[in-house]
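Take a look at the structure below.
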Amino acid sequence: MALVVYNTLTHEKEPFVTIEPGKVRMYVCGPTVYDEAHVGHAMSSIVFDFVRRYLEHQGYQVRHVMNFTDVDDKIIARAAQIGEDPSAIARRYVEQYQEQLSRLNVLQPTVFPRVSQTIPEIVRMVAGLVESDHAYITASGDVYFRVRTDPDYGKLSRRKLADALAGTRVASSEEKLEEEDFALWKAARPGEPSWDSPWGRGRPGWHIECSAMSLHYLGDQIDIHGGGNDLVFPHHENEIAQTECFTGKPFARYWMHNGMLQLKGEKMSKSLGNLVTIDELLAAHDADVFRMIVAGSQYRKPLAFDADVLVDGERALARLRTALRPATGPVTTGPAVDALAGQVRQSRIAFEAAMDDDFNTAGALAALFDLVRAINTARDAGVAAGQSIAPFVELLLTVRLELRKAQQWALADKIRDELKVLGVVVKDTAQGSSWRMD
RNA sequence: GGCGACGUCGCCAAGUGGCAAGGCAGGGGUCUGCAAAACCCCCAUCGCCGGUUCGAAUCCGGCCGUCGCCUCCA
């Protein structure tokens, strides 16, 4: 079985082949840090955590970049509203989100870049786009991307320019040459954060940051670019346009988008006033309950979320955990043992087959629950546990032998001491080390 | 109006051509001093209509419904 991944660009599941064998370059759009993060953000981070963990399980080395948009209109507006410095607000929510991710058991991304720390790379990229005539500078010092210079524009969201503009409800800047052009750089206004650039002081537009960060931390071409499906247009569409016009190469191999978390049938959002923050969630529930809920559904589909779903998740998680209770029976051979071993094999195959199919965590979970039943049945039949630690103890002792050869006595002793705490007594002899359960 | 997605048991939710996974809830048992847990059994023909096919939840067309995007958004 080989992994296939659904690619938003082609609308198809495609075999997963990386640019560099054994390595995955993955960029995932993180939040704009102007307010409390909600469970929708948590869902997205968890989805891509599953992706990363499975890729690593398959032996890939994953370089995972997740950005923070810490320079943005909303942050500035917020700052003005509450009379605080924009960068202080951003810093506060960045730290909060990082701490929440770790509470959600999401693996730390390899790099957490922020716009405010990537300005030189952004300026360099904008300059390059101006130089190649893909962008232009206005009288007031804004820089816009000239969308018409990209013949492929619209390929991700499958929009034609006319379609994209038909529903435009925002008043366009009078300085733009064309309605569809978008800002790469915004000239500074009094009291706003700004940086020097060849076009005067200003700050980056929204889309350019991800392109610049991705380029800087992962190179011209990446394997996976991820985010919520609300980012497909215009954010990711614009990212592709500016990046590919800049590098002349295809940007991301696989575009992955998670579905929106739905609260009572609606997307959860600030404007609808129906959001549940991550802190609220974690105050009332184990993080793994939420991970269970996310895993229970295909990541591209909308995820239903309400009190009932939380109760179900709570119980499903409990069932998974009860399977892990220690087995103390005496049975070590026979049909009950064989049956369990058989189910272990079957579940592993089913689990990987599901995950290989575009990270079908719900299917993988089903395989796990089949294993739960088999484990419980075996325990009821008196099957013993504990035999399986032997290979691990042997492995530790092998490592310890190496340490002793290297005269790393402190570490070698530490392993012996810690094993003793766990009930494994190690005895060193001239013939080597032996061990027994205390 | 345009683009895209979805509609599977009471609830959540897998499944893209061959007799519908899994979790929760529910019913009936086993076990148990009681309770819990666990185990066993039961519980859906897949929004509607038509078409293609030996055969469709799975493909095509139409209809109805829901949702996302088109403006900041995971």
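As shown in the structure tokens, the chain order sets the letters A, B, ...; within each chain, residues go from 1, and ligands are also counted from 1 in the order they appear.
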
Please build the interface table for chain B against chain A with a cut-off of 6 Å, listing for each qualifying residue the nearest atom pair and the distance in Å to one decimal; count only C-alpha atoms (C1' of nucleotides), order rows by chain and increasing number, and write it as CSV.
```
residue,atom,partner,partner_atom,distance
B:G2,C1',A:Asp163,CA,5.2
B:C3,C1',A:Arg159,CA,5.9
B:A14,C1',A:Gly363,CA,5.4
B:G22,C1',A:Ala366,CA,4.2
B:G23,C1',A:Ala316,CA,5.8
B:C24,C1',A:Asp312,CA,4.8
B:C70,C1',A:Gly167,CA,5.6
B:A74,C1',A:His41,CA,4.5
```

For range 45-56 of chain B, please output as a PyMOL selection string all residues within 8 Å (counting only C-alpha atoms (C1' of nucleotides); exclusion window: fewer than 6 positions along the same chain).
chain B and resi 7-8+17-18+20+62-65

Written file, previous selection with N, CA and C atoms (P, O5', C5', C4', C3', O3' and C1' of nucleotides), as a PDB file, in the first residue's frame:
```
ATOM      1  P     G B   7     -22.048  13.148   1.745  1.00  0.00           P
ATOM      2  O5'   G B   7     -23.496  13.580   2.217  1.00  0.00           O
ATOM      3  C5'   G B   7     -23.831  13.693   3.636  1.00  0.00           C
ATOM      4  C4'   G B   7     -25.291  14.066   3.703  1.00  0.00           C
ATOM      5  C3'   G B   7     -26.241  12.959   3.239  1.00  0.00           C
ATOM      6  O3'   G B   7     -27.037  12.416   4.288  1.00  0.00           O
ATOM      7  C1'   G B   7     -26.694  15.023   2.152  1.00  0.00           C
ATOM      8  P     U B   8     -26.636  12.113   5.749  1.00  0.00           P
ATOM      9  O5'   U B   8     -26.622  10.529   5.682  1.00  0.00           O
ATOM     10  C5'   U B   8     -27.595   9.844   4.886  1.00  0.00           C
ATOM     11  C4'   U B   8     -27.253   8.399   4.872  1.00  0.00           C
ATOM     12  C3'   U B   8     -27.057   7.770   6.241  1.00  0.00           C
ATOM     13  O3'   U B   8     -28.308   7.447   6.829  1.00  0.00           O
ATOM     14  C1'   U B   8     -25.277   7.135   4.850  1.00  0.00           C
ATOM     15  P     G B  17     -14.682   2.122  -7.236  1.00  0.00           P
ATOM     16  O5'   G B  17     -15.987   1.306  -7.664  1.00  0.00           O
ATOM     17  C5'   G B  17     -17.058   1.179  -6.749  1.00  0.00           C
ATOM     18  C4'   G B  17     -17.978   0.114  -7.200  1.00  0.00           C
ATOM     19  C3'   G B  17     -17.344  -1.164  -7.757  1.00  0.00           C
ATOM     20  O3'   G B  17     -16.801  -2.031  -6.804  1.00  0.00           O
ATOM     21  C1'   G B  17     -19.327  -0.577  -8.936  1.00  0.00           C
ATOM     22  P     G B  18     -17.340  -2.588  -5.429  1.00  0.00           P
ATOM     23  O5'   G B  18     -18.699  -3.363  -5.712  1.00  0.00           O
ATOM     24  C5'   G B  18     -19.750  -3.319  -4.735  1.00  0.00           C
ATOM     25  C4'   G B  18     -20.432  -4.675  -4.681  1.00  0.00           C
ATOM     26  C3'   G B  18     -19.600  -5.737  -3.983  1.00  0.00           C
ATOM     27  O3'   G B  18     -20.164  -5.832  -2.677  1.00  0.00           O
ATOM     28  C1'   G B  18     -20.390  -6.511  -6.110  1.00  0.00           C
ATOM     29  P     A B  20     -24.881  -4.851   2.338  1.00  0.00           P
ATOM     30  O5'   A B  20     -23.701  -4.682   3.375  1.00  0.00           O
ATOM     31  C5'   A B  20     -22.501  -4.087   2.973  1.00  0.00           C
ATOM     32  C4'   A B  20     -22.293  -2.751   3.656  1.00  0.00           C
ATOM     33  C3'   A B  20     -22.351  -2.800   5.179  1.00  0.00           C
ATOM     34  O3'   A B  20     -21.050  -3.092   5.616  1.00  0.00           O
ATOM     35  C1'   A B  20     -23.453  -0.875   4.285  1.00  0.00           C
ATOM     36  P     G B  62     -27.763  18.432 -14.661  1.00  0.00           P
ATOM     37  O5'   G B  62     -29.268  18.280 -14.175  1.00  0.00           O
ATOM     38  C5'   G B  62     -30.347  18.612 -15.068  1.00  0.00           C
ATOM     39  C4'   G B  62     -31.659  18.252 -14.423  1.00  0.00           C
ATOM     40  C3'   G B  62     -31.902  18.865 -13.053  1.00  0.00           C
ATOM     41  O3'   G B  62     -32.377  20.198 -13.137  1.00  0.00           O
ATOM     42  C1'   G B  62     -32.446  16.571 -12.987  1.00  0.00           C
ATOM     43  P     C B  63     -32.060  21.187 -11.921  1.00  0.00           P
ATOM     44  O5'   C B  63     -33.062  20.653 -10.799  1.00  0.00           O
ATOM     45  C5'   C B  63     -34.477  20.661 -11.036  1.00  0.00           C
ATOM     46  C4'   C B  63     -35.182  19.980  -9.891  1.00  0.00           C
ATOM     47  C3'   C B  63     -34.860  20.530  -8.506  1.00  0.00           C
ATOM     48  O3'   C B  63     -35.620  21.688  -8.202  1.00  0.00           O
ATOM     49  C1'   C B  63     -34.736  18.171  -8.446  1.00  0.00           C
ATOM     50  P     C B  64     -34.950  22.773  -7.204  1.00  0.00           P
ATOM     51  O5'   C B  64     -35.096  22.069  -5.779  1.00  0.00           O
ATOM     52  C5'   C B  64     -36.387  21.757  -5.263  1.00  0.00           C
ATOM     53  C4'   C B  64     -36.241  20.968  -3.979  1.00  0.00           C
ATOM     54  C3'   C B  64     -35.324  21.595  -2.946  1.00  0.00           C
ATOM     55  O3'   C B  64     -35.957  22.619  -2.204  1.00  0.00           O
ATOM     56  C1'   C B  64     -34.804  19.312  -3.154  1.00  0.00           C
ATOM     57  P     G B  65     -35.050  23.817  -1.640  1.00  0.00           P
ATOM     58  O5'   G B  65     -34.177  23.128  -0.497  1.00  0.00           O
ATOM     59  C5'   G B  65     -34.815  22.559   0.637  1.00  0.00           C
ATOM     60  C4'   G B  65     -33.798  21.831   1.471  1.00  0.00           C
ATOM     61  C3'   G B  65     -32.581  22.653   1.897  1.00  0.00           C
ATOM     62  O3'   G B  65     -32.851  23.475   3.011  1.00  0.00           O
ATOM     63  C1'   G B  65     -31.874  20.537   1.129  1.00  0.00           C
TER      64        G B  65
END
```

Shortest contact to Val17 in chain A, candidates A:Arg436, A:Arg253, A:Arg148, A:Arg92, atoms counted only C-alpha atoms, goes to A:Arg253

Using only C-alpha atoms: which of A:Leu184, A:Val24, A:Ala406, A:Leu340 has the shortest distance to Val130 in chain A
A:Leu184

Taking the chain letters and numbering used in this document, name the residues of range 50-91 of chain A that DSSP puts in helix (DSSP H, G or I), as a VMD selection string.
chain A and resid 50 to 57 73 to 82 86 to 91

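Distance-wise, CA of Ile240 in chain A and CA of Leu3 in chain A end up 24.6 Å apart.
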
For Ser132 in chain A: contacts at 12 Å, only C-alpha atoms (C1' of nucleotides), fewer than 2 positions along chain excluded, given as number ranges by chain:
A: 125-130, 134-136, 145-146, 149-150, 242, 245-248

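Going from C1' of A5 in chain B over to CA of Trp255 in chain A, you cover 15.9 Å.
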
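Taking CA of Lys23 in chain A and CA of His64 in chain A as the two end points, the separation is 10.7 Å.
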